[in-house]
Structures are given as structure tokens and as C-alpha cells.
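Just below is one structure, and these are the notes that go with it.
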Amino acid sequence: MSMPLLGMLLFVGLATAAASTVTVVLMLDNPPLSLPRLRAVLVLVFGSSAAVVYCYGRLSVVLGGPFPGRCDDRNASGAELVGTVEEDWPLRSACVYSDGATVEHLSMSINVLVCLLAGLAVVLACAGAVLHRRTPSAPGGPLGPS
């Protein structure tokens, strides 16, 4: 993925997450609360937050961030640096040494946070779909009586 696209996705995801959060707060302040609409907005909050965290982590890998400067020529046991590993998914940056040791510089917490947020978005979307199917439709179609 190119850096301009990652930057754009990060910006759009951040704007969407912020707007969705404001929408949730406004929905909670107004008394007639619609649970299906609240679920839909929460799906946007969690989904866009997952995209933001992933894009941030991926940009830190692509741009180098603190990662390349942290790879020492030798580790504590004296083994030489063989290379670096950068993976898109799971998002990972690591220094690999000749004795097989690796030193992670992009923590697993980013992957856990992305999976947790995306999982919450999927669960809410599926729950909304199931609950929507269980709700009987009004007479005259979705808009009510004619």
C-alpha cells in the first residue's frame, strides 16, 4: 500500500471516528434513543478506529519511525544483526540476530487493539442484522401505512 493512500485512510478514518463519537454523544443526550441507529453509529466508531490504529502502525513501519535506529549491530549475547522483518499482517517490525533471537519494535498490542476494535464492529453489525430480521415489519411496508 502506498504512503499517500495510507495517509489518506488514516485521515478519513480519524475524521469518521471523531464524527461518529460526536454523533453517539448527541444521540445519548436526546431522550428518544433509537438502539438500531446507535448500534450503526457504534459500528462506524469501532470500524474506523480499527482502520486508524492499523494505518498508524503501518505508517510507522513504512516510514521507519523509531524502528531502524533501534536495531543494534549486536544483541546482548553478542550475536550479529542478520536483518529486519517487516510484515503487513500481522503488523510486525523486528530485528533478527544470527542466534535466532528477534527483538520486536512494533508491539503486539497494536494488533490486539486492531483485532479487538474490528471484532466489536463485526459483532455489533451482525447483532444489528439479526435483530433487524427479528423485528416485524409495519403494515404497508417499511414506511408505514399508506
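Just remember, in the C-alpha cells the first chain shown is A, the second B, etc., residues are 1-based per chain, and ligands are 1-based in the order shown.
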Nearby residues (only C-alpha atoms) at most 10 Å from A:Tyr54, same-chain spacing under 6 positions excluded, as a list in words: Leu6, Leu9, Leu10, Ser48, Ser60, Asp88, Trp89, Pro90, Leu91, Ile110, Asn111, Leu113, Val114 and Cys115 of chain A
Residues within 10 Å of A:Leu59, only C-alpha atoms, excluding chain neighbours under 3 positions, as a ChimeraX atom specification: /A:1-4,6-7,10,53-56,62-65
Sel. of alpha helix (DSSP H) residues, stretch 23-102 of chain A, as number ranges by chain: A: 23-29, 35-62, 67-70
Save the residues we just selected, N, CA, C and O atoms, as a short mmCIF file (atom, residue, chain, number, x, y, z; two decimals), in the first residue's frame?
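Writing the result to result27.cif gives the following:
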```cif
data_model
loop_
_atom_site.label_atom_id
_atom_site.label_comp_id
_atom_site.auth_asym_id
_atom_site.auth_seq_id
_atom_site.Cartn_x
_atom_site.Cartn_y
_atom_site.Cartn_z
N THR A 23 -21.52 12.02 17.23
CA THR A 23 -22.90 11.59 16.97
C THR A 23 -23.44 10.73 18.11
O THR A 23 -24.59 10.89 18.52
N VAL A 24 -22.62 9.81 18.62
CA VAL A 24 -23.05 8.97 19.75
C VAL A 24 -23.36 9.84 20.96
O VAL A 24 -24.38 9.64 21.64
N VAL A 25 -22.50 10.81 21.25
CA VAL A 25 -22.74 11.69 22.40
C VAL A 25 -24.04 12.47 22.22
O VAL A 25 -24.85 12.59 23.15
N LEU A 26 -24.27 12.99 21.02
CA LEU A 26 -25.51 13.72 20.75
C LEU A 26 -26.74 12.81 20.84
O LEU A 26 -27.78 13.23 21.33
N MET A 27 -26.59 11.57 20.38
CA MET A 27 -27.72 10.63 20.46
C MET A 27 -28.05 10.30 21.92
O MET A 27 -29.22 10.15 22.27
N LEU A 28 -27.03 10.19 22.76
CA LEU A 28 -27.26 9.87 24.17
C LEU A 28 -27.86 11.05 24.92
O LEU A 28 -28.54 10.85 25.93
N ASP A 29 -27.60 12.27 24.45
CA ASP A 29 -28.16 13.46 25.10
C ASP A 29 -29.63 13.67 24.80
O ASP A 29 -30.34 14.30 25.58
N LEU A 35 -32.08 2.37 19.35
CA LEU A 35 -30.99 1.40 19.50
C LEU A 35 -30.40 0.92 18.18
O LEU A 35 -29.19 0.77 18.08
N PRO A 36 -31.22 0.70 17.12
CA PRO A 36 -30.60 0.30 15.85
C PRO A 36 -29.67 1.38 15.29
O PRO A 36 -28.60 1.07 14.78
N ARG A 37 -30.06 2.63 15.43
CA ARG A 37 -29.20 3.72 14.94
C ARG A 37 -27.94 3.84 15.80
O ARG A 37 -26.86 4.09 15.29
N LEU A 38 -28.09 3.66 17.10
CA LEU A 38 -26.93 3.70 18.00
C LEU A 38 -25.95 2.59 17.66
O LEU A 38 -24.73 2.81 17.60
N ARG A 39 -26.46 1.38 17.40
CA ARG A 39 -25.60 0.27 17.00
C ARG A 39 -24.86 0.58 15.71
O ARG A 39 -23.68 0.30 15.57
N ALA A 40 -25.57 1.17 14.75
CA ALA A 40 -24.96 1.50 13.46
C ALA A 40 -23.83 2.52 13.63
O ALA A 40 -22.76 2.38 13.02
N VAL A 41 -24.05 3.51 14.46
CA VAL A 41 -23.01 4.52 14.68
C VAL A 41 -21.84 3.92 15.45
O VAL A 41 -20.67 4.24 15.17
N LEU A 42 -22.12 3.03 16.40
CA LEU A 42 -21.03 2.37 17.13
C LEU A 42 -20.20 1.48 16.21
O LEU A 42 -18.99 1.36 16.39
N VAL A 43 -20.84 0.86 15.21
CA VAL A 43 -20.09 0.08 14.21
C VAL A 43 -19.12 1.00 13.48
O VAL A 43 -17.96 0.65 13.25
N LEU A 44 -19.58 2.20 13.13
CA LEU A 44 -18.69 3.17 12.48
C LEU A 44 -17.55 3.58 13.40
O LEU A 44 -16.40 3.70 12.95
N VAL A 45 -17.84 3.81 14.67
CA VAL A 45 -16.80 4.22 15.62
C VAL A 45 -15.73 3.13 15.72
O VAL A 45 -14.53 3.41 15.56
N PHE A 46 -16.16 1.89 15.97
CA PHE A 46 -15.19 0.82 16.16
C PHE A 46 -14.46 0.46 14.86
O PHE A 46 -13.25 0.22 14.87
N GLY A 47 -15.18 0.41 13.76
CA GLY A 47 -14.55 0.08 12.48
C GLY A 47 -13.54 1.12 12.04
O GLY A 47 -12.43 0.78 11.61
N SER A 48 -13.91 2.38 12.13
CA SER A 48 -12.97 3.42 11.72
C SER A 48 -11.80 3.53 12.70
O SER A 48 -10.67 3.81 12.29
N SER A 49 -12.04 3.26 13.96
CA SER A 49 -10.94 3.26 14.93
C SER A 49 -9.95 2.14 14.63
O SER A 49 -8.73 2.33 14.74
N ALA A 50 -10.45 0.98 14.25
CA ALA A 50 -9.56 -0.12 13.86
C ALA A 50 -8.73 0.26 12.64
O ALA A 50 -7.53 -0.02 12.59
N ALA A 51 -9.35 0.91 11.67
CA ALA A 51 -8.61 1.35 10.48
C ALA A 51 -7.55 2.38 10.84
O ALA A 51 -6.43 2.34 10.32
N VAL A 52 -7.87 3.29 11.75
CA VAL A 52 -6.90 4.32 12.17
C VAL A 52 -5.70 3.68 12.86
O VAL A 52 -4.55 4.01 12.55
N VAL A 53 -5.95 2.76 13.78
CA VAL A 53 -4.85 2.13 14.50
C VAL A 53 -3.98 1.32 13.54
O VAL A 53 -2.74 1.37 13.62
N TYR A 54 -4.59 0.60 12.61
CA TYR A 54 -3.80 -0.18 11.66
C TYR A 54 -2.98 0.74 10.76
O TYR A 54 -1.79 0.50 10.54
N CYS A 55 -3.60 1.78 10.23
CA CYS A 55 -2.87 2.70 9.34
C CYS A 55 -1.74 3.39 10.07
O CYS A 55 -0.66 3.59 9.52
N TYR A 56 -1.96 3.76 11.33
CA TYR A 56 -0.90 4.37 12.13
C TYR A 56 0.27 3.40 12.28
O TYR A 56 1.43 3.76 12.09
N GLY A 57 -0.02 2.16 12.64
CA GLY A 57 1.03 1.16 12.80
C GLY A 57 1.76 0.89 11.50
O GLY A 57 2.98 0.78 11.46
N ARG A 58 1.00 0.77 10.41
CA ARG A 58 1.61 0.51 9.11
C ARG A 58 2.48 1.68 8.65
O ARG A 58 3.56 1.49 8.11
N LEU A 59 2.01 2.90 8.87
CA LEU A 59 2.82 4.07 8.52
C LEU A 59 4.09 4.12 9.35
O LEU A 59 5.14 4.51 8.84
N SER A 60 4.02 3.74 10.61
CA SER A 60 5.23 3.74 11.42
C SER A 60 6.24 2.72 10.90
O SER A 60 7.44 2.94 10.97
N VAL A 61 5.76 1.61 10.35
CA VAL A 61 6.65 0.62 9.75
C VAL A 61 7.23 1.15 8.44
O VAL A 61 8.42 1.08 8.20
N VAL A 62 6.37 1.71 7.59
CA VAL A 62 6.82 2.19 6.27
C VAL A 62 7.79 3.36 6.41
O VAL A 62 8.80 3.43 5.73
N PHE A 67 11.96 2.49 14.52
CA PHE A 67 12.40 1.11 14.34
C PHE A 67 13.84 0.94 13.84
O PHE A 67 14.62 0.27 14.50
N PRO A 68 14.25 1.50 12.70
CA PRO A 68 15.60 1.17 12.20
C PRO A 68 16.72 1.60 13.15
O PRO A 68 17.71 0.90 13.27
N GLY A 69 16.56 2.70 13.85
CA GLY A 69 17.59 3.15 14.76
C GLY A 69 17.73 2.26 15.99
O GLY A 69 18.73 2.33 16.70
N ARG A 70 16.74 1.43 16.27
CA ARG A 70 16.77 0.59 17.47
C ARG A 70 17.47 -0.74 17.25
O ARG A 70 17.72 -1.45 18.21
#
```
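Across A:Met108, A:Ala118, A:Val12, A:Tyr97, the tightest approach to A:Val85 is made by A:Tyr97 when counting only C-alpha atoms.
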Residue nearest A:Ser77 - candidates A:Arg92, A:Asp99, A:Phe11, A:Pro31, atoms counted: only C-alpha atoms: A:Asp99
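Backbone DSSP assigns strand (DSSP E) in stretch 24-135 of chain A to A:Leu81, A:Val82, A:Gly83, A:Thr84, A:Val85, A:Glu86, A:Glu87, A:Arg92, A:Ser93, A:Ala94, A:Cys95, A:Val96, A:Tyr97, A:Thr102, A:Val103, A:Glu104.
Contact shell of A:Ser98 at 10 Å (only C-alpha atoms; same-chain neighbours under 6 positions omitted): Arg74, Asn75, Gly78, Ala79, Glu80, Leu81, Val82 and Gly83 of chain A.
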Please produce a file of the residues just selected, as a PDB file, in the first residue's frame, where the atoms kept are N, CA and C atoms.
```pdb
ATOM      1  N   ARG A  74      24.843  -5.703  17.444  1.00  0.00           N
ATOM      2  CA  ARG A  74      24.941  -6.955  18.202  1.00  0.00           C
ATOM      3  C   ARG A  74      23.936  -6.915  19.346  1.00  0.00           C
ATOM      4  N   ASN A  75      23.374  -8.092  19.662  1.00  0.00           N
ATOM      5  CA  ASN A  75      22.451  -8.137  20.799  1.00  0.00           C
ATOM      6  C   ASN A  75      23.232  -8.407  22.082  1.00  0.00           C
ATOM      7  N   GLY A  78      25.830 -11.115  22.036  1.00  0.00           N
ATOM      8  CA  GLY A  78      26.946 -10.937  21.112  1.00  0.00           C
ATOM      9  C   GLY A  78      26.659 -11.366  19.683  1.00  0.00           C
ATOM     10  N   ALA A  79      25.440 -11.812  19.387  1.00  0.00           N
ATOM     11  CA  ALA A  79      25.101 -12.249  18.027  1.00  0.00           C
ATOM     12  C   ALA A  79      24.937 -11.028  17.112  1.00  0.00           C
ATOM     13  N   GLU A  80      25.351 -11.205  15.860  1.00  0.00           N
ATOM     14  CA  GLU A  80      25.283 -10.108  14.884  1.00  0.00           C
ATOM     15  C   GLU A  80      23.878  -9.948  14.322  1.00  0.00           C
ATOM     16  N   LEU A  81      23.588  -8.727  13.903  1.00  0.00           N
ATOM     17  CA  LEU A  81      22.303  -8.428  13.256  1.00  0.00           C
ATOM     18  C   LEU A  81      22.287  -9.040  11.863  1.00  0.00           C
ATOM     19  N   VAL A  82      21.300  -9.870  11.595  1.00  0.00           N
ATOM     20  CA  VAL A  82      21.171 -10.511  10.289  1.00  0.00           C
ATOM     21  C   VAL A  82      20.283  -9.676   9.372  1.00  0.00           C
ATOM     22  N   GLY A  83      19.219  -9.130   9.913  1.00  0.00           N
ATOM     23  CA  GLY A  83      18.304  -8.344   9.094  1.00  0.00           C
ATOM     24  C   GLY A  83      17.110  -7.878   9.893  1.00  0.00           C
TER      25      GLY A  83
END
```
Separation of atom CA of A:Thr135 from atom CA of A:Ser34, in Å and rounded to one decimal: 13.7 Å
